[in-house]
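So this block is run.txt, compact mmCIF, C-alpha atoms:
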# COMPACT_ATOMS: atom_id res chain seq x y z
CA VAL A 172 -8.87 -5.30 21.93
CA ASP A 173 -9.88 -8.23 24.15
CA ASN A 174 -11.97 -9.70 21.34
CA ILE A 175 -9.01 -9.53 18.94
CA LEU A 176 -6.72 -11.14 21.50
CA ASP A 177 -9.28 -13.87 22.17
CA GLU A 178 -9.41 -14.64 18.45
CA ILE A 179 -5.62 -14.79 18.21
CA GLU A 180 -5.51 -17.07 21.22
CA ALA A 181 -8.14 -19.38 19.70
CA TYR A 182 -6.07 -19.79 16.54
CA TYR A 183 -2.88 -20.04 18.59
CA ALA A 184 -4.35 -23.08 20.33
CA GLN A 185 -4.70 -24.67 16.87
CA GLY A 186 -1.00 -24.17 16.14
CA ILE A 187 -1.18 -20.97 14.10
CA ARG A 188 1.73 -18.64 14.75
CA GLU A 189 1.56 -16.01 12.01
CA PHE A 190 -1.12 -13.30 11.68
CA PHE A 191 -1.79 -10.50 9.22
CA PHE A 192 -4.16 -7.66 10.17
CA PHE A 193 -5.70 -6.76 6.82
CA ASP A 194 -7.66 -3.77 8.16
CA ASP A 195 -6.53 -0.60 6.32
CA LEU A 196 -7.16 1.38 9.52
CA PHE A 197 -5.55 -1.04 11.95
CA ASN A 198 -3.30 1.67 13.37
CA ALA A 199 -5.76 4.58 13.14
CA SER A 200 -5.48 4.58 16.94
CA PRO A 201 -1.84 4.00 17.97
CA LYS A 202 -3.07 3.39 21.54
CA ARG A 203 -5.19 0.50 20.31
CA VAL A 204 -2.22 -1.05 18.51
CA SER A 205 -0.11 -0.68 21.65
CA ALA A 206 -2.86 -2.31 23.69
CA ILE A 207 -3.02 -5.26 21.28
CA ALA A 208 0.78 -5.62 21.33
CA GLN A 209 0.87 -5.49 25.12
CA GLY A 210 -1.94 -8.05 25.28
CA ILE A 211 0.03 -10.41 23.04
CA LEU A 212 2.96 -10.13 25.43
CA ASP A 213 0.84 -10.47 28.56
CA ARG A 214 -0.83 -13.63 27.24
CA GLY A 215 2.51 -15.16 26.29
CA LEU A 216 1.57 -15.56 22.62
CA ALA A 217 4.79 -16.20 20.68
CA ILE A 218 3.58 -15.08 17.27
CA VAL A 219 4.75 -13.14 14.22
CA TRP A 220 2.37 -10.52 12.84
CA SER A 221 2.07 -7.80 10.21
CA PHE A 222 -0.44 -5.05 9.58
CA ARG A 223 -1.77 -2.69 6.94
CA GLY A 224 -1.93 0.88 8.15
CA ARG A 225 -1.59 4.61 7.62
CA VAL A 226 1.69 6.50 7.63
CA ASP A 227 0.22 9.40 9.61
CA ALA A 228 -0.64 7.17 12.59
CA VAL A 229 2.67 5.66 13.63
CA ASN A 230 4.95 6.66 16.47
CA GLU A 231 8.13 5.19 17.89
CA ASP A 232 6.68 3.97 21.19
CA MET A 233 3.94 2.05 19.37
CA LEU A 234 6.39 0.53 16.89
CA ARG A 235 8.86 -0.57 19.56
CA LEU A 236 6.12 -2.29 21.56
CA ALA A 237 4.76 -3.87 18.38
CA LYS A 238 8.22 -5.17 17.52
CA ARG A 239 8.60 -6.71 21.00
CA SER A 240 5.31 -8.55 20.56
CA GLY A 241 6.35 -10.04 17.21
CA CYS A 242 5.46 -7.44 14.57
CA ARG A 243 7.46 -8.19 11.45
CA GLN A 244 6.14 -5.83 8.78
CA ALA A 245 3.99 -2.73 8.22
CA LEU A 246 2.30 -2.20 4.86
CA PHE A 247 1.45 1.38 3.93
CA GLY A 248 -0.86 2.57 1.16
CA VAL A 249 0.95 5.60 -0.26
CA GLU A 250 -0.48 5.66 -3.80
CA ASP A 251 0.99 8.93 -5.18
CA ALA A 252 4.33 10.71 -4.99
CA THR A 253 3.49 14.40 -4.63
CA ASP A 254 1.57 16.31 -1.99
CA GLU A 255 -0.60 17.82 -4.74
CA GLY A 256 -1.43 14.38 -6.12
CA LEU A 257 -2.19 13.02 -2.66
CA LYS A 258 -4.61 15.91 -2.11
CA ARG A 259 -6.35 15.19 -5.42
CA ILE A 260 -7.11 11.61 -4.38
CA ASN A 261 -8.10 12.74 -0.87
CA LYS A 262 -5.41 10.62 0.80
CA LYS A 263 -4.87 13.14 3.61
CA ILE A 264 -1.17 12.37 4.03
CA THR A 265 2.07 13.97 2.84
CA VAL A 266 5.17 12.54 1.22
CA GLU A 267 7.19 13.59 4.27
CA GLN A 268 4.90 11.53 6.51
CA VAL A 269 5.65 8.53 4.30
CA ARG A 270 9.40 9.09 4.66
CA ARG A 271 9.06 9.48 8.41
CA ALA A 272 7.00 6.30 8.83
CA VAL A 273 9.47 4.21 6.82
CA ARG A 274 12.42 5.66 8.76
CA LEU A 275 10.75 4.97 12.11
CA CYS A 276 9.92 1.38 11.17
CA ARG A 277 13.48 0.72 10.04
CA LYS A 278 14.80 2.26 13.26
CA CYS A 279 12.58 -0.10 15.27
CA GLY A 280 13.46 -3.17 13.20
CA ILE A 281 10.13 -3.51 11.38
CA LEU A 282 10.08 -4.19 7.63
CA THR A 283 8.01 -1.89 5.43
CA SER A 284 6.07 -2.32 2.23
CA THR A 285 4.65 0.62 0.29
CA ASN A 286 1.86 0.54 -2.30
CA TRP A 287 1.89 2.91 -5.29
CA ILE A 288 -0.51 3.60 -8.15
CA ILE A 289 0.30 4.89 -11.63
CA GLY A 290 -2.16 6.15 -14.22
CA PHE A 291 -4.12 8.68 -12.20
CA PRO A 292 -5.85 11.39 -14.29
CA HIS A 293 -3.17 13.86 -13.17
CA HIS A 294 -0.37 11.55 -14.40
CA LYS A 295 -0.32 13.28 -17.75
CA THR A 296 3.19 12.38 -18.95
CA ARG A 297 5.77 9.63 -18.61
CA GLU A 298 7.76 12.07 -16.49
CA ASP A 299 4.99 12.14 -13.88
CA VAL A 300 5.23 8.37 -13.51
CA LEU A 301 9.04 8.42 -13.57
CA HIS A 302 8.93 10.94 -10.71
CA LEU A 303 6.77 8.49 -8.77
CA ILE A 304 9.35 5.76 -9.33
CA ASP A 305 12.16 8.08 -8.22
CA THR A 306 10.22 8.93 -5.05
CA ALA A 307 9.53 5.27 -4.25
CA VAL A 308 13.23 4.46 -4.70
CA ALA A 309 14.28 7.42 -2.54
CA ILE A 310 11.89 6.49 0.27
CA ASP A 311 13.42 3.00 0.08
CA SER A 312 10.88 0.78 1.83
CA ASP A 313 11.90 -2.86 2.03
CA PHE A 314 9.21 -3.91 -0.43
CA ALA A 315 6.94 -2.07 -2.86
CA GLN A 316 3.89 -2.87 -4.92
CA PHE A 317 2.94 -0.89 -8.01
CA ASN A 318 -0.41 -1.03 -9.79
CA ILE A 319 -2.21 0.73 -12.61
CA MET A 320 -5.23 2.68 -11.39
CA ILE A 321 -8.53 0.95 -12.12
CA ALA A 322 -11.63 3.14 -12.30
CA TYR A 323 -14.19 1.37 -10.12
CA ASP A 324 -17.91 2.05 -10.35
CA GLY A 325 -19.13 4.48 -7.73
CA THR A 326 -15.87 6.41 -7.45
CA GLU A 327 -15.37 10.04 -8.38
CA ILE A 328 -12.68 9.08 -10.90
CA PHE A 329 -15.07 6.65 -12.61
CA ARG A 330 -17.73 9.36 -12.93
CA GLU A 331 -15.14 11.77 -14.37
CA GLY A 332 -14.04 9.16 -16.90
CA VAL A 333 -17.60 8.45 -18.00
CA ALA A 334 -18.21 12.19 -18.44
CA LYS A 335 -15.10 12.40 -20.65
CA GLY A 336 -16.19 9.38 -22.68
CA LEU A 337 -13.20 7.26 -21.62
CA PHE A 338 -15.35 4.22 -20.79
CA PRO A 339 -19.04 3.24 -20.84
CA ALA A 340 -21.16 4.15 -17.83
CA ASP A 341 -22.48 0.57 -17.56
CA ILE A 342 -19.19 -1.33 -18.02
CA TRP A 343 -19.15 -2.67 -14.46
CA LYS A 344 -22.91 -3.37 -14.34
CA GLN A 345 -22.64 -5.39 -17.56
CA HIS A 346 -19.69 -7.34 -16.21
CA ALA A 347 -21.50 -8.03 -12.93
CA ALA A 348 -24.57 -9.27 -14.80
CA ALA A 349 -22.63 -11.42 -17.28
CA PRO A 350 -18.98 -11.93 -16.31
CA VAL A 351 -16.65 -12.89 -19.14
CA PRO A 352 -13.10 -14.31 -19.08
CA HIS A 353 -10.27 -11.82 -19.56
CA PHE A 354 -12.45 -8.84 -18.69
CA VAL A 355 -10.51 -5.61 -19.35
CA GLU A 356 -10.90 -3.19 -16.46
CA PRO A 357 -11.39 0.48 -17.31
CA ILE A 358 -8.26 2.55 -16.77
CA TRP A 359 -7.53 6.22 -17.49
CA GLU A 360 -6.13 6.41 -21.03
CA GLU A 361 -6.64 10.09 -21.67
CA HIS A 362 -2.91 10.81 -21.51
CA LEU A 363 -1.07 7.48 -21.46
CA THR A 364 -2.26 4.34 -23.23
CA ARG A 365 -2.73 0.96 -21.61
CA ARG A 366 0.40 -0.27 -23.38
CA GLU A 367 2.44 2.71 -22.16
CA LEU A 368 1.22 2.24 -18.59
CA SER A 369 1.99 -1.48 -18.74
CA GLU A 370 5.55 -0.76 -19.84
CA LEU A 371 5.93 1.86 -17.12
CA LEU A 372 4.61 -0.63 -14.57
CA LYS A 373 7.37 -3.06 -15.53
CA GLN A 374 9.86 -0.22 -15.22
CA CYS A 375 8.60 0.52 -11.70
CA TYR A 376 9.44 -3.00 -10.55
CA ARG A 377 12.78 -3.13 -12.35
CA ARG A 378 13.90 0.22 -10.97
CA PHE A 379 12.85 -0.60 -7.43
CA TYR A 380 14.09 -4.15 -7.06
CA LEU A 381 17.13 -4.32 -9.35
CA ARG A 382 19.19 -2.02 -7.16
CA PRO A 383 22.27 -3.19 -5.24
CA LEU A 384 20.91 -2.20 -1.80
CA PRO A 385 17.63 -4.17 -1.89
CA ILE A 386 19.43 -7.16 -3.38
CA LEU A 387 22.03 -7.01 -0.61
CA ARG A 388 19.28 -6.76 2.05
CA LYS A 389 17.54 -9.85 0.65
CA PHE A 390 20.84 -11.72 0.51
CA LEU A 391 21.65 -10.87 4.15
Final structure tokens representation of the file:
Amino acid sequence: VDNILDEIEAYYAQGIREFFFFDDLFNASPKRVSAIAQGILDRGLAIVWSFRGRVDAVNEDMLRLAKRSGCRQALFGVEDATDEGLKRINKKITVEQVRRAVRLCRKCGILTSTNWIIGFPHHKTREDVLHLIDTAVAIDSDFAQFNIMIAYDGTEIFREGVAKGLFPADIWKQHAAAPVPHFVEPIWEEHLTRRELSELLKQCYRRFYLRPLPILRKFL
């Protein structure tokens, strides 16, 4: 904690006033986050900061202290919209924990952003993706990012895709050895094509952002 505060203070002396903690596990220990927030207050650092974190590691006391010290936004990696899907990707969270985290942040005056992924192997129909969109809209974070799942080398999903013949086993090694412009990343097209997923991705953004409530929030 002291090392982090020393770094903030060093940049603060150079005139920097906004910080983003990019660590996915920044709030794995709520006590550590509270200690950092209290340290910011104790050192008189008038900053604005945001963090990436997990929905299962937030509590109201931590969030209120974070808000007092200048926390503006929390970004949560949710990825999927059902408990079964979250188990399949080993996320170790539940949809209810996502709802709770977003509610707590809003209660404490902290903006939220949620990240979602479409095109998992278990997204077999358009309806599966549409359910994800419905869930993201219902949870109603202030911002949302949607992406198509990319099968990266070394992951279990990549190995499954290679075994099914969905993409070559050496696609990433070839690209690393001889990168080419406009490289097409391997995605899971067993059930939905790249074109279908691209159209659904656009629909995710339209459905989430072209609603009266988010537009009104941005306007205010």
Coordinates-based distance that separates atom CA of Tyr380 of chain A from atom CA of Trp220 of chain A (Å, one decimal): 24.0 Å
Hey, what's within 10 Å of Gly336 of chain A if we count only C-alpha atoms and toss same-chain stuff fewer than 5 positions away? As number ranges by chain, please? A: 330-331, 361
Neighbouring residues of Glu180 of chain A were defined as those with any atom within 12 Å, considering only C-alpha atoms; residues of the same chain fewer than 2 positions away were excluded. Please report them as a PyMOL selection string. chain A and resi 173-178+182-190+210-218
Could you state the separation of atom CA of Asp341 of chain A and atom CA of Glu356 of chain A in Å, given to one decimal place? 12.2 Å
Please identify every residue of segment 193-283 of chain A that has at least one atom no farther than 9 Å from an atom of segment 302-307 of chain A, counting only C-alpha atoms, and for each give the shortest atom pair and the distance in Å to one decimal, arranged by chain then increasing number, as a Markdown table.
| residue | atom | partner | partner_atom | distance |
| --- | --- | --- | --- | --- |
| A:Asp251 | CA | A:Leu303 | CA | 6.8 |
| A:Ala252 | CA | A:Leu303 | CA | 5.0 |
| A:Thr253 | CA | A:Leu303 | CA | 7.9 |
| A:Val266 | CA | A:Thr306 | CA | 8.8 |
From A:Ala181, A:Ile328, A:Val355, A:Leu387, residue lying nearest His293 of chain A [all atoms listed in the file]: A:Ile328
Answer as a CSV table (one decimal) with C-alpha atoms, in the coordinates of the input, residues within 6 Å of (8.9, -0.3, 17.4) using all atoms listed in the file:
chain,number,residue,atom,x,y,z
A,231,GLU,CA,8.1,5.2,17.9
A,233,MET,CA,3.9,2.0,19.4
A,234,LEU,CA,6.4,0.5,16.9
A,235,ARG,CA,8.9,-0.6,19.6
A,236,LEU,CA,6.1,-2.3,21.6
A,237,ALA,CA,4.8,-3.9,18.4
A,238,LYS,CA,8.2,-5.2,17.5
A,279,CYS,CA,12.6,-0.1,15.3
Find the spatial neighbours of segment 199-201 of chain A, counting all atoms listed in the file, within a cut-off of 12 Å - ignore same-chain residues fewer than 3 positions away - and output them as a PyMOL selection string. chain A and resi 172+194-196+204-208+222-237
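Residue nearest Arg270 of chain A, chosen from A:His353, A:Phe247, A:Phe197, A:Leu391 and counting all atoms listed in the file: A:Phe247.
Restricting the calculation to all atoms listed in the file, the smallest distance between Cys276 of chain A and any of A:Leu371, A:Leu246, A:Ala340, A:Ile260 is found for A:Leu246.
Excluding Val269 of chain A and any residue on its chain fewer than 2 positions from it, the residues at most 8 Å away by only C-alpha atoms are Val226, Asp227, Val249, Ile264, Thr265, Val266, Glu267, Arg271, Ala272, Val273 and Ile310 of chain A.
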Can you pull out every residue within 8 Å of Ser312 of chain A, counting all atoms listed in the file, but drop anything in the same chain fewer than 4 positions away, and send it as a PDB file with C-alpha atoms, keeping the file's coordinate frame?
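Result file is around_24.pdb:
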ATOM      1  CA  VAL A 273       9.470   4.210   6.820  1.00  0.00           C
ATOM      2  CA  LEU A 282      10.080  -4.190   7.630  1.00  0.00           C
ATOM      3  CA  THR A 283       8.010  -1.890   5.430  1.00  0.00           C
ATOM      4  CA  SER A 284       6.070  -2.320   2.230  1.00  0.00           C
ATOM      5  CA  THR A 285       4.650   0.620   0.290  1.00  0.00           C
ATOM      6  CA  ALA A 307       9.530   5.270  -4.250  1.00  0.00           C
ATOM      7  CA  VAL A 308      13.230   4.460  -4.700  1.00  0.00           C
TER       8      VAL A 308
END
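With atom CA of Phe192 of chain A on one side and atom CA of Arg239 of chain A on the other, the separation reads 16.8 Å.
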